[in-house]
>>> print(open('my_file_34.cif').read())   # mmCIF, C-alpha atoms
data_upload
loop_
_atom_site.label_atom_id
_atom_site.label_comp_id
_atom_site.auth_asym_id
_atom_site.auth_seq_id
_atom_site.Cartn_x
_atom_site.Cartn_y
_atom_site.Cartn_z
CA MET A 1 139.14 4.11 118.36
CA ASP A 2 137.77 0.91 116.86
CA VAL A 3 139.46 -2.38 117.60
CA PHE A 4 139.05 -5.22 115.12
CA VAL A 5 139.90 -8.82 116.00
CA THR A 6 140.10 -11.45 113.27
CA PHE A 7 140.52 -15.18 113.83
CA TRP A 8 142.91 -16.72 111.30
CA GLY A 9 143.74 -19.93 113.17
CA VAL A 10 141.75 -21.44 116.03
CA ARG A 11 142.90 -25.05 116.08
CA GLY A 12 145.27 -26.45 118.65
CA SER A 13 148.28 -28.73 118.31
CA ILE A 14 148.28 -29.56 114.61
CA PRO A 15 146.53 -28.28 111.49
CA THR A 16 143.36 -30.26 110.81
CA PRO A 17 142.05 -29.55 107.33
CA GLY A 18 139.08 -31.55 106.10
CA PHE A 19 135.37 -31.87 105.87
CA LYS A 20 134.83 -32.41 109.61
CA THR A 21 136.50 -29.16 110.61
CA GLN A 22 135.62 -26.85 107.74
CA ARG A 23 133.20 -24.68 109.72
CA TYR A 24 135.47 -23.71 112.62
CA GLY A 25 138.62 -24.21 110.55
CA GLY A 26 141.77 -26.27 110.76
CA ASN A 27 144.58 -23.71 110.90
CA THR A 28 146.60 -23.37 114.08
CA ALA A 29 146.82 -20.32 116.32
CA CYS A 30 146.87 -16.89 114.75
CA ILE A 31 144.82 -13.85 115.73
CA GLU A 32 144.96 -10.39 114.19
CA VAL A 33 144.18 -7.40 116.38
CA ARG A 34 143.97 -4.00 114.69
CA VAL A 35 143.88 -0.94 116.88
CA GLY A 36 143.52 2.02 114.56
CA GLU A 37 146.51 1.74 112.24
CA LYS A 38 148.43 -0.55 114.57
CA LEU A 39 148.63 -4.23 113.68
CA PHE A 40 149.19 -6.86 116.34
CA ILE A 41 149.65 -10.51 115.40
CA LEU A 42 149.10 -12.96 118.22
CA ASP A 43 150.94 -16.19 117.45
CA ALA A 44 152.15 -17.41 114.11
CA GLY A 45 150.45 -20.75 113.61
CA THR A 46 149.42 -21.83 110.12
CA GLY A 47 146.65 -19.21 110.08
CA LEU A 48 149.37 -16.62 109.54
CA ARG A 49 149.71 -17.61 105.89
CA ALA A 50 146.15 -16.53 105.14
CA LEU A 51 146.59 -13.33 107.14
CA GLY A 52 149.62 -12.44 105.00
CA ALA A 53 147.62 -13.01 101.82
CA ASP A 54 144.77 -10.90 103.16
CA LEU A 55 147.04 -8.01 104.14
CA LEU A 56 148.37 -8.00 100.58
CA LYS A 57 144.83 -8.04 99.22
CA ARG A 58 143.86 -5.16 101.50
CA GLY A 59 146.80 -3.19 100.17
CA VAL A 60 148.25 -2.58 103.63
CA SER A 61 151.66 -1.18 102.86
CA PRO A 62 154.13 -0.89 104.34
CA VAL A 63 153.25 -3.44 107.00
CA HIS A 64 154.52 -2.77 110.50
CA ALA A 65 153.51 -5.79 112.58
CA HIS A 66 153.86 -6.19 116.33
CA MET A 67 154.28 -9.93 116.87
CA LEU A 68 153.33 -11.41 120.23
CA PHE A 69 154.05 -15.09 120.76
CA SER A 70 152.41 -17.02 123.59
CA HIS A 71 155.19 -19.60 123.34
CA SER A 72 157.24 -21.43 120.78
CA HIS A 73 155.45 -24.76 120.31
CA TRP A 74 154.99 -25.74 116.68
CA ASP A 75 151.35 -24.82 116.40
CA HIS A 76 152.25 -21.22 117.32
CA ILE A 77 155.25 -20.63 115.06
CA GLN A 78 154.76 -22.92 112.07
CA GLY A 79 153.15 -20.31 109.85
CA PHE A 80 156.00 -17.83 110.16
CA PRO A 81 158.05 -19.00 107.14
CA PHE A 82 154.87 -18.79 105.03
CA PHE A 83 154.03 -15.20 105.95
CA SER A 84 154.44 -13.63 102.53
CA LEU A 85 155.07 -10.16 103.92
CA ALA A 86 158.17 -11.42 105.71
CA TYR A 87 159.76 -11.50 102.25
CA ASN A 88 158.91 -7.88 101.52
CA PRO A 89 161.74 -5.40 102.22
CA THR A 90 159.28 -2.69 103.26
CA THR A 91 157.82 -4.82 106.07
CA ILE A 92 158.85 -4.27 109.67
CA MET A 93 158.13 -6.99 112.22
CA ARG A 94 158.81 -6.48 115.90
CA VAL A 95 159.04 -9.73 117.82
CA TYR A 96 158.44 -9.15 121.52
CA GLY A 97 160.10 -11.02 124.34
CA LYS A 98 159.33 -10.47 127.99
CA ARG A 99 162.34 -8.43 128.95
CA GLU A 100 165.17 -6.50 127.37
CA GLY A 101 167.83 -8.87 126.08
CA GLU A 102 165.46 -11.85 126.13
CA HIS A 103 165.28 -12.99 122.50
CA GLU A 104 164.20 -16.61 122.89
CA ILE A 105 161.27 -16.46 120.45
CA TYR A 106 163.25 -14.42 117.94
CA GLU A 107 166.02 -17.00 118.01
CA LEU A 108 163.59 -19.92 117.68
CA LEU A 109 161.99 -18.32 114.62
CA ASN A 110 165.47 -18.11 113.20
CA GLY A 111 166.18 -21.72 114.19
CA GLN A 112 163.08 -23.20 112.55
CA MET A 113 164.29 -21.80 109.23
CA GLN A 114 167.61 -23.63 109.21
CA ASP A 115 168.20 -25.37 105.90
CA ARG A 116 167.38 -28.80 107.29
CA TYR A 117 163.83 -27.63 107.99
CA PHE A 118 163.10 -25.01 105.35
CA PRO A 119 164.66 -23.93 102.05
CA VAL A 120 164.79 -20.19 102.81
CA GLN A 121 167.01 -18.92 105.58
CA PHE A 122 165.87 -16.44 108.20
CA SER A 123 168.68 -14.13 107.13
CA ASP A 124 167.32 -14.16 103.58
CA LEU A 125 163.95 -12.74 104.57
CA GLY A 126 163.51 -9.29 103.12
CA ALA A 127 161.60 -7.81 106.03
CA LYS A 128 163.25 -5.95 108.83
CA ILE A 129 162.66 -8.31 111.77
CA LEU A 130 163.53 -6.73 115.07
CA PRO A 131 163.64 -8.20 118.57
CA ASP A 132 161.77 -6.06 121.08
CA HIS A 133 160.45 -6.52 124.62
CA LEU A 134 157.59 -5.77 127.02
CA ASN A 135 159.58 -4.26 129.87
CA GLY A 136 159.09 -7.28 132.09
CA GLY A 137 155.35 -6.57 132.44
CA SER A 138 153.81 -4.04 130.08
CA LYS A 139 154.71 -1.50 127.48
CA MET A 140 153.07 1.37 125.63
CA ILE A 141 153.27 0.87 121.89
CA GLY A 142 152.06 4.23 120.70
CA GLU A 143 148.77 4.71 122.52
CA VAL A 144 148.27 0.95 122.98
CA LYS A 145 149.21 -0.70 126.26
CA VAL A 146 150.40 -4.29 125.88
CA GLY A 147 150.88 -6.48 128.93
CA TYR A 148 151.70 -10.12 129.56
CA PHE A 149 151.01 -12.69 132.24
CA GLU A 150 152.88 -15.97 132.70
CA THR A 151 150.49 -18.91 132.48
CA LYS A 152 150.47 -22.68 132.95
CA HIS A 153 151.76 -24.79 130.09
CA PRO A 154 154.61 -27.26 129.67
CA GLY A 155 157.62 -25.04 128.95
CA GLY A 156 155.65 -21.91 129.89
CA SER A 157 153.27 -19.67 128.00
CA LEU A 158 152.20 -16.03 128.04
CA ALA A 159 148.78 -14.41 128.03
CA PHE A 160 148.59 -10.91 126.54
CA SER A 161 146.37 -7.91 127.16
CA ILE A 162 145.94 -5.15 124.58
CA GLU A 163 144.30 -1.96 125.81
CA CYS A 164 143.50 1.31 124.14
CA ALA A 165 140.95 4.07 124.70
CA GLY A 166 138.97 2.09 127.26
CA LYS A 167 138.86 -1.07 125.18
CA LYS A 168 140.59 -4.27 126.18
CA VAL A 169 141.34 -7.60 124.51
CA VAL A 170 142.96 -10.49 126.37
CA TYR A 171 144.49 -13.49 124.62
CA SER A 172 145.23 -16.47 126.80
CA THR A 173 146.05 -19.63 124.94
CA ASP A 174 147.80 -22.82 126.05
CA ASN A 175 146.98 -22.22 129.65
CA GLU A 176 145.88 -25.15 131.82
CA LEU A 177 143.86 -22.98 134.12
CA ASP A 178 142.42 -26.04 135.87
CA LEU A 179 145.80 -26.70 137.46
CA LEU A 180 145.83 -23.19 138.92
CA LEU A 181 142.35 -23.19 140.39
CA VAL A 182 142.25 -22.19 144.03
CA ASN A 183 139.92 -25.13 144.72
CA ARG A 184 141.46 -27.50 142.22
CA GLU A 185 141.04 -30.75 144.16
CA GLU A 186 137.36 -30.17 144.81
CA THR A 187 136.63 -29.23 141.20
CA MET A 188 138.30 -32.39 139.94
CA ALA A 189 136.23 -34.53 142.28
CA ASP A 190 133.05 -32.65 141.46
CA PRO A 191 133.17 -30.72 138.15
CA SER A 192 129.82 -29.10 138.91
CA ILE A 193 131.10 -26.88 141.73
CA TYR A 194 132.30 -23.32 141.12
CA ARG A 195 135.93 -23.12 139.97
CA HIS A 196 137.87 -20.29 141.59
CA SER A 197 140.47 -18.91 139.18
CA PRO A 198 143.66 -17.50 140.67
CA PRO A 199 142.97 -13.87 141.73
CA ALA A 200 146.02 -12.40 139.99
CA PHE A 201 144.95 -13.84 136.66
CA VAL A 202 141.37 -12.71 137.19
CA GLU A 203 142.71 -9.17 137.67
CA PHE A 204 144.83 -9.45 134.54
CA CYS A 205 141.70 -10.31 132.56
CA ARG A 206 139.33 -7.98 134.40
CA ASP A 207 136.76 -6.02 132.39
CA ALA A 208 138.04 -7.14 129.00
CA ASN A 209 135.63 -6.56 126.16
CA LEU A 210 136.90 -9.75 124.57
CA LEU A 211 138.71 -12.69 126.14
CA ILE A 212 140.13 -15.15 123.63
CA ALA A 213 140.98 -18.19 125.68
CA ASP A 214 142.21 -21.73 125.25
CA GLY A 215 139.30 -24.06 125.91
CA GLN A 216 140.63 -27.15 124.22
CA TYR A 217 138.85 -29.86 126.16
CA THR A 218 135.36 -30.87 127.09
CA ASP A 219 134.72 -31.90 130.68
CA GLU A 220 134.67 -35.51 129.48
CA GLU A 221 138.02 -35.30 127.67
CA TYR A 222 139.97 -33.47 130.34
CA PRO A 223 140.54 -36.19 132.97
CA LYS A 224 142.65 -38.11 130.42
CA LYS A 225 144.60 -34.97 129.42
CA ILE A 226 145.66 -33.53 132.76
CA HIS A 227 149.09 -31.83 132.53
CA TRP A 228 148.86 -31.65 128.74
CA GLY A 229 148.71 -27.87 129.10
CA HIS A 230 145.08 -27.06 128.24
CA PRO A 231 141.95 -26.49 130.32
CA ARG A 232 138.36 -27.53 130.28
CA ALA A 233 136.44 -25.01 128.16
CA THR A 234 133.85 -24.71 130.91
CA THR A 235 136.51 -23.43 133.32
CA ILE A 236 136.92 -20.38 131.08
CA VAL A 237 133.28 -19.46 131.64
CA GLU A 238 133.94 -19.15 135.35
CA LEU A 239 137.04 -17.04 134.73
CA ALA A 240 134.93 -14.79 132.49
CA TYR A 241 132.25 -14.51 135.17
CA ALA A 242 134.80 -13.66 137.87
CA ALA A 243 136.61 -11.12 135.68
CA ASN A 244 133.47 -9.42 134.32
CA ILE A 245 134.28 -10.24 130.71
CA GLU A 246 131.89 -8.99 128.05
CA THR A 247 132.52 -11.63 125.39
CA VAL A 248 134.47 -14.89 125.46
CA ALA A 249 135.86 -16.64 122.40
CA ILE A 250 136.85 -20.22 123.15
CA THR A 251 139.78 -21.16 120.93
CA HIS A 252 142.54 -23.75 120.44
CA HIS A 253 140.02 -26.43 119.56
CA ASP A 254 141.32 -29.95 119.91
CA PRO A 255 142.35 -31.52 116.58
CA MET A 256 140.14 -34.52 117.39
CA GLN A 257 137.06 -32.30 117.66
CA SER A 258 134.79 -32.14 114.62
CA ASP A 259 132.62 -29.08 114.10
CA GLU A 260 129.77 -30.91 115.82
CA LEU A 261 131.92 -31.65 118.86
CA VAL A 262 133.06 -28.03 119.09
CA ASP A 263 129.37 -27.05 118.96
CA LYS A 264 128.67 -29.37 121.89
CA LYS A 265 131.64 -28.00 123.82
CA ILE A 266 130.39 -24.44 123.36
CA GLU A 267 126.86 -25.48 124.29
CA ALA A 268 128.23 -26.94 127.55
CA CYS A 269 129.93 -23.58 128.20
CA ARG A 270 126.67 -21.73 127.62
CA THR A 271 124.80 -24.07 129.93
CA ARG A 272 127.39 -23.37 132.59
CA ALA A 273 127.06 -19.63 131.95
CA VAL A 274 123.31 -19.83 132.50
CA LYS A 275 123.82 -21.67 135.81
CA LEU A 276 126.19 -18.89 136.90
CA SER A 277 123.82 -16.17 135.69
CA TYR A 278 126.78 -14.96 133.64
CA SER A 279 125.45 -12.37 131.21
CA GLY A 280 128.41 -12.29 128.84
CA VAL A 281 128.49 -13.85 125.38
CA VAL A 282 130.32 -17.15 124.82
CA PHE A 283 131.16 -18.44 121.37
CA GLY A 284 133.53 -20.79 119.62
CA ALA A 285 136.31 -18.96 117.79
CA ARG A 286 136.02 -19.62 114.09
CA GLU A 287 138.34 -18.85 111.21
CA GLY A 288 137.39 -15.90 109.05
CA VAL A 289 135.31 -14.11 111.67
CA THR A 290 136.04 -10.48 112.56
CA ILE A 291 134.71 -8.88 115.72
CA LYS A 292 134.56 -5.11 116.13
CA ILE A 293 135.03 -3.77 119.63
CA MET B 1 121.76 -39.21 69.90
CA SER B 2 123.77 -38.62 66.70
CA LYS B 3 125.45 -41.35 64.64
CA TYR B 4 128.43 -40.42 62.47
CA SER B 5 129.75 -42.13 59.36
CA ASP B 6 132.74 -43.56 61.21
CA GLY B 7 130.40 -45.21 63.67
CA THR B 8 130.98 -42.75 66.49
CA VAL B 9 127.92 -42.15 68.61
CA LYS B 10 127.51 -38.89 70.56
CA ILE B 11 125.05 -39.07 73.37
CA GLY B 12 123.62 -36.22 75.42
CA VAL B 13 126.01 -33.51 74.30
CA GLU B 14 123.42 -30.83 74.89
CA SER B 15 122.79 -31.97 78.42
CA LEU B 16 126.52 -32.02 79.13
CA TYR B 17 126.82 -28.43 77.97
CA SER B 18 123.91 -27.43 80.15
CA VAL B 19 125.67 -28.99 83.12
CA GLN B 20 128.77 -26.96 82.27
CA SER B 21 126.76 -23.77 82.39
CA ILE B 22 125.70 -24.36 85.99
CA THR B 23 127.67 -22.34 88.50
CA ARG B 24 127.21 -22.09 92.24
CA ARG B 25 123.91 -20.66 93.31
CA ASP B 26 123.99 -19.63 96.92
CA ILE B 27 120.64 -18.94 98.48
CA LEU B 28 119.56 -16.74 101.34
CA SER B 29 116.34 -17.88 102.96
CA LEU B 30 114.42 -15.32 104.97
CA ILE B 31 112.87 -17.45 107.69
CA GLN B 32 111.70 -14.85 110.20
CA GLY B 33 110.56 -11.25 110.13
CA PRO B 34 108.53 -9.06 107.75
CA GLY B 35 108.23 -10.66 104.32
CA SER B 36 109.18 -14.17 105.45
CA PRO B 37 109.33 -16.82 104.22
CA LYS B 38 111.21 -15.91 101.07
CA LYS B 39 114.24 -17.15 99.18
CA TYR B 40 116.80 -14.96 97.43
CA ILE B 41 119.29 -16.31 94.93
CA LEU B 42 122.66 -14.64 95.37
CA SER B 43 123.62 -14.44 91.72
CA LYS B 44 125.79 -11.32 91.86
CA ASN B 45 129.36 -11.08 93.10
CA ARG B 46 128.25 -8.42 95.55
CA THR B 47 124.79 -8.00 97.04
CA VAL B 48 123.83 -5.16 99.38
CA LEU B 49 120.92 -5.74 101.73
CA GLY B 50 119.07 -2.85 103.28
CA ARG B 51 115.99 -0.68 103.45
CA SER B 52 117.13 1.69 100.70
CA PRO B 53 115.70 1.40 97.18
CA GLU B 54 119.35 1.41 96.10
CA ALA B 55 120.00 -1.86 97.94
CA ASP B 56 120.16 -4.98 95.80
CA LEU B 57 117.79 -6.71 98.20
CA GLN B 58 115.37 -4.15 99.56
CA LEU B 59 114.07 -5.23 102.94
CA LYS B 60 110.93 -3.93 104.55
CA SER B 61 111.90 -3.54 108.15
CA ASN B 62 112.46 -0.39 110.17
CA MET B 63 115.09 -2.22 112.21
CA VAL B 64 117.28 -2.60 109.15
CA SER B 65 119.60 0.22 108.08
CA ARG B 66 119.35 1.71 104.62
CA LYS B 67 122.49 -0.18 103.59
CA HIS B 68 122.94 -2.74 106.31
CA LEU B 69 124.91 -5.68 105.02
CA SER B 70 127.07 -6.65 102.10
CA LEU B 71 127.46 -10.21 100.84
CA TYR B 72 130.31 -10.71 98.41
CA ARG B 73 132.38 -13.48 96.94
CA ASP B 74 136.07 -13.68 97.65
CA GLU B 75 138.10 -16.52 96.20
CA GLY B 76 135.21 -18.94 96.31
CA GLU B 77 133.96 -17.91 99.72
CA MET B 78 130.90 -15.84 100.51
CA ILE B 79 131.71 -13.06 102.96
CA CYS B 80 129.15 -11.10 104.95
CA LYS B 81 130.13 -7.65 106.16
CA ASP B 82 128.35 -5.10 108.29
CA LEU B 83 128.09 -1.74 106.53
CA ASN B 84 128.27 0.19 109.81
CA SER B 85 124.61 -0.53 110.43
CA HIS B 86 122.75 0.77 113.45
CA ASN B 87 121.64 -2.61 114.81
CA GLY B 88 124.60 -4.72 113.73
CA LEU B 89 125.10 -8.10 112.13
CA PHE B 90 124.66 -11.33 114.05
CA LEU B 91 126.11 -14.61 112.85
CA ASN B 92 124.61 -17.61 114.61
CA GLY B 93 123.60 -15.26 117.40
CA ILE B 94 127.02 -13.60 117.83
CA LYS B 95 127.61 -9.97 116.87
CA VAL B 96 130.30 -9.85 114.22
CA PHE B 97 131.74 -7.27 111.85
CA SER B 98 132.41 -9.72 109.03
CA ALA B 99 132.69 -13.46 108.46
CA SER B 100 133.20 -16.13 105.85
CA LEU B 101 129.89 -17.91 105.59
CA ARG B 102 129.34 -21.63 105.84
CA ASP B 103 126.36 -23.64 104.74
CA GLY B 104 123.57 -23.40 107.30
CA ASP B 105 124.79 -20.23 108.99
CA THR B 106 122.13 -18.00 110.47
CA ILE B 107 122.36 -14.27 109.76
CA GLN B 108 120.28 -11.79 111.71
CA ILE B 109 119.92 -8.11 110.84
CA GLY B 110 117.35 -6.20 112.83
CA ASP B 111 114.28 -8.38 113.16
CA LEU B 112 115.06 -10.41 110.05
CA ILE B 113 116.61 -13.85 110.25
CA PHE B 114 118.11 -15.57 107.22
CA ILE B 115 119.75 -18.93 106.64
CA TYR B 116 122.61 -19.10 104.17
CA HIS B 117 122.63 -22.11 101.88
CA GLN B 118 125.88 -22.68 100.06
CA GLY B 119 125.36 -23.87 96.51
CA VAL B 120 127.17 -26.60 94.69
CA GLN B 121 130.18 -25.51 92.68
CA TRP B 122 130.52 -27.25 89.31
CA THR B 123 133.79 -27.40 87.45
CA SER B 124 134.30 -28.04 83.76
CA LEU B 125 133.60 -31.58 82.61
#
>>> encode(input="my_file_34.cif", output="structure tokens")
Amino acid sequence: MDVFVTFWGVRGSIPTPGFKTQRYGGNTACIEVRVGEKLFILDAGTGLRALGADLLKRGVSPVHAHMLFSHSHWDHIQGFPFFSLAYNPTTIMRVYGKREGEHEIYELLNGQMQDRYFPVQFSDLGAKILPDHLNGGSKMIGEVKVGYFETKHPGGSLAFSIECAGKKVVYSTDNELDLLLVNREETMADPSIYRHSPPAFVEFCRDANLLIADGQYTDEEYPKKIHWGHPRATTIVELAYAANIETVAITHHDPMQSDELVDKKIEACRTRAVKLSYSGVVFGAREGVTIKI
Amino acid sequence: MSKYSDGTVKIGVESLYSVQSITRRDILSLIQGPGSPKKYILSKNRTVLGRSPEADLQLKSNMVSRKHLSLYRDEGEMICKDLNSHNGLFLNGIKVFSASLRDGDTIQIGDLIFIYHQGVQWTSL
């Protein structure tokens, strides 16, 4: 079964439209994963608006979307009220929490549409929006196995794995992996030494065909941004090497990074990959690109 | 220049109209592989590249599928899409299924490498 992954929003923190970011794009986090007929939407940043328009254009109807939210910070939920299909009565959207009865994200989506913030109320949306859960670890959704892993971010964040028919995609955004490194102190003092990712997270990511990972900062930017919730992009290369990842998409680009700076960040990742003899592919996630797995 | 009885002077009307007739002209430059260098103007809304005589741009390379790649316009953007080719589509060195193109992007199919040049879009004066 073919798996298609489309990047609709790859920017972190705040939308950054404009000339300097037009190549990689300025919309915040939103990734579409299609596994056969199943549609998974990873985060609902401003990229979600364009995904909604594209689903309409493709004539996908009725839409049954499985919505997985890494966390509820603005750049991951802000597109939700602008998802045109949420106004369509034939649409079904399942919003997954970690465990049964845990509806935090569902309730926050509702909350951000209070009349002080937005003119249309959550209760007025035509779609059937249902809270669901991942059984405290993983769940089969049809023939697709979806799992989560709790990661490092102020307020918490989740990474997700989506597996089907021997294919695996991992999405790990807003995860300050540098704070979790086994040899953290040494790698801060000397960024050139190998960075040992936590074994449990390496196993969660293991053998993914595609790892989409937060790599917001360059090595130069990071020392001023420690505890802001995002890693050095180069740290992701070492995770990919340890977990035997086929392809890595660095995402959640910093809003201060122009296209040229993102290029340099990715080049630094590739240089690090060469030093590791890592044979996987590393690229900068870019809006409008679809990968087939 | 035309002078009217009321004193109005019209200057360069013809040239203004010719400017109006200009639309975007995106160009695909073949920079490497059989037949290079060569430039193709992408004047149609949809252009199929491949080895087949039925392709809009017939390419002379055995590493290219008969219908390898489609380039089409969608709301002002140029999209490239793999037509289930044997050797795939590479955008700036990364294997992709489809992508919105940006000026200066490199497209590789088989042993052919192209650069996409986004044209200037003119609006009515």
>>> resolve_selection(input="my_file_34.cif", expression="the PyMOL selection byres ((chain B) within 9 of (chain A))", output="list in words")
Ile79, Ile94, Lys95, Val96, Phe97, Ser98, Ala99, Ser100, Leu101, Arg102 and Asp103 of chain B
>>> write_last_selection(input="my_file_34.cif", atoms="C-alpha atoms", output="PDB file, in the frame of the given file")
ATOM      1  CA  ILE B  79     131.710 -13.060 102.960  1.00  0.00           C
ATOM      2  CA  ILE B  94     127.020 -13.600 117.830  1.00  0.00           C
ATOM      3  CA  LYS B  95     127.610  -9.970 116.870  1.00  0.00           C
ATOM      4  CA  VAL B  96     130.300  -9.850 114.220  1.00  0.00           C
ATOM      5  CA  PHE B  97     131.740  -7.270 111.850  1.00  0.00           C
ATOM      6  CA  SER B  98     132.410  -9.720 109.030  1.00  0.00           C
ATOM      7  CA  ALA B  99     132.690 -13.460 108.460  1.00  0.00           C
ATOM      8  CA  SER B 100     133.200 -16.130 105.850  1.00  0.00           C
ATOM      9  CA  LEU B 101     129.890 -17.910 105.590  1.00  0.00           C
ATOM     10  CA  ARG B 102     129.340 -21.630 105.840  1.00  0.00           C
ATOM     11  CA  ASP B 103     126.360 -23.640 104.740  1.00  0.00           C
TER      12      ASP B 103
END
>>> closest_residue(input="my_file_34.cif", among="A:Ala213, A:Ala233, A:Cys164, A:Leu239", to="Asp263 of chain A", atoms="all atoms listed in the file")
A:Ala233
>>> residues_around(input="my_file_34.cif", residues="Ser52 of chain B", least_positions_apart="2", cutoff="8 Å", atoms="all atoms listed in the file", output="VMD selection string")
chain B and resid 50 54 to 55 58 to 59 65 to 67
>>> residues_near_point(input="my_file_34.cif", point="(129.3, -27.9, 140.1)", cutoff="12 Å", atoms="all atoms listed in the file", output="MDAnalysis selection string")
chainID A and resid 183 186:196 219 234:235 238 271:273 275:276
>>> closest_residue(input="my_file_34.cif", among="B:His68, B:Arg51, B:Lys44, B:Lys39", to="Ser85 of chain B", atoms="all atoms listed in the file")
B:His68
>>> atom_distance(input="my_file_34.cif", atom1="atom CA of Ile105 of chain A", atom2="atom CA of Gln216 of chain A")
23.5 Å
>>> resolve_selection(input="my_file_34.cif", expression="the PyMOL selection byres ((chain B and resi 63) around 8)", output="ChimeraX atom specification")
/B:61-62,64-65,87,109-111
>>> residues_around(input="my_file_34.cif", residues="segment 74-90 of chain A", least_positions_apart="3", cutoff="10 Å", atoms="only C-alpha atoms", output="PyMOL selection string")
chain A and resi 9+11-15+27-30+42-53+55-56+61-65+69-71+93+105+108-110+112-113+118-122+124-129+173-174+252
>>> residues_near_point(input="my_file_34.cif", point="(120.9, -18.3, 107.8)", cutoff="6 Å", atoms="all atoms listed in the file", output="compact mmCIF listing (two decimals) with C-alpha atoms, keeping the file's coordinate frame")
# COMPACT_ATOMS: atom_id res chain seq x y z
CA GLY B 104 123.57 -23.40 107.30
CA ASP B 105 124.79 -20.23 108.99
CA THR B 106 122.13 -18.00 110.47
CA ILE B 107 122.36 -14.27 109.76
CA PHE B 114 118.11 -15.57 107.22
CA ILE B 115 119.75 -18.93 106.64
CA TYR B 116 122.61 -19.10 104.17
>>> resolve_selection(input="my_file_34.cif", expression="the PyMOL selection byres ((chain A and resi 137-150) around 7)", output="PyMOL selection string")
chain A and resi 134-136+151+157-164
>>> atom_distance(input="my_file_34.cif", atom1="atom CA of Ile113 of chain B", atom2="atom CA of Asp2 of chain A")
26.6 Å
>>> atom_distance(input="my_file_34.cif", atom1="atom CA of His153 of chain A", atom2="atom CA of Glu260 of chain A")
26.9 Å
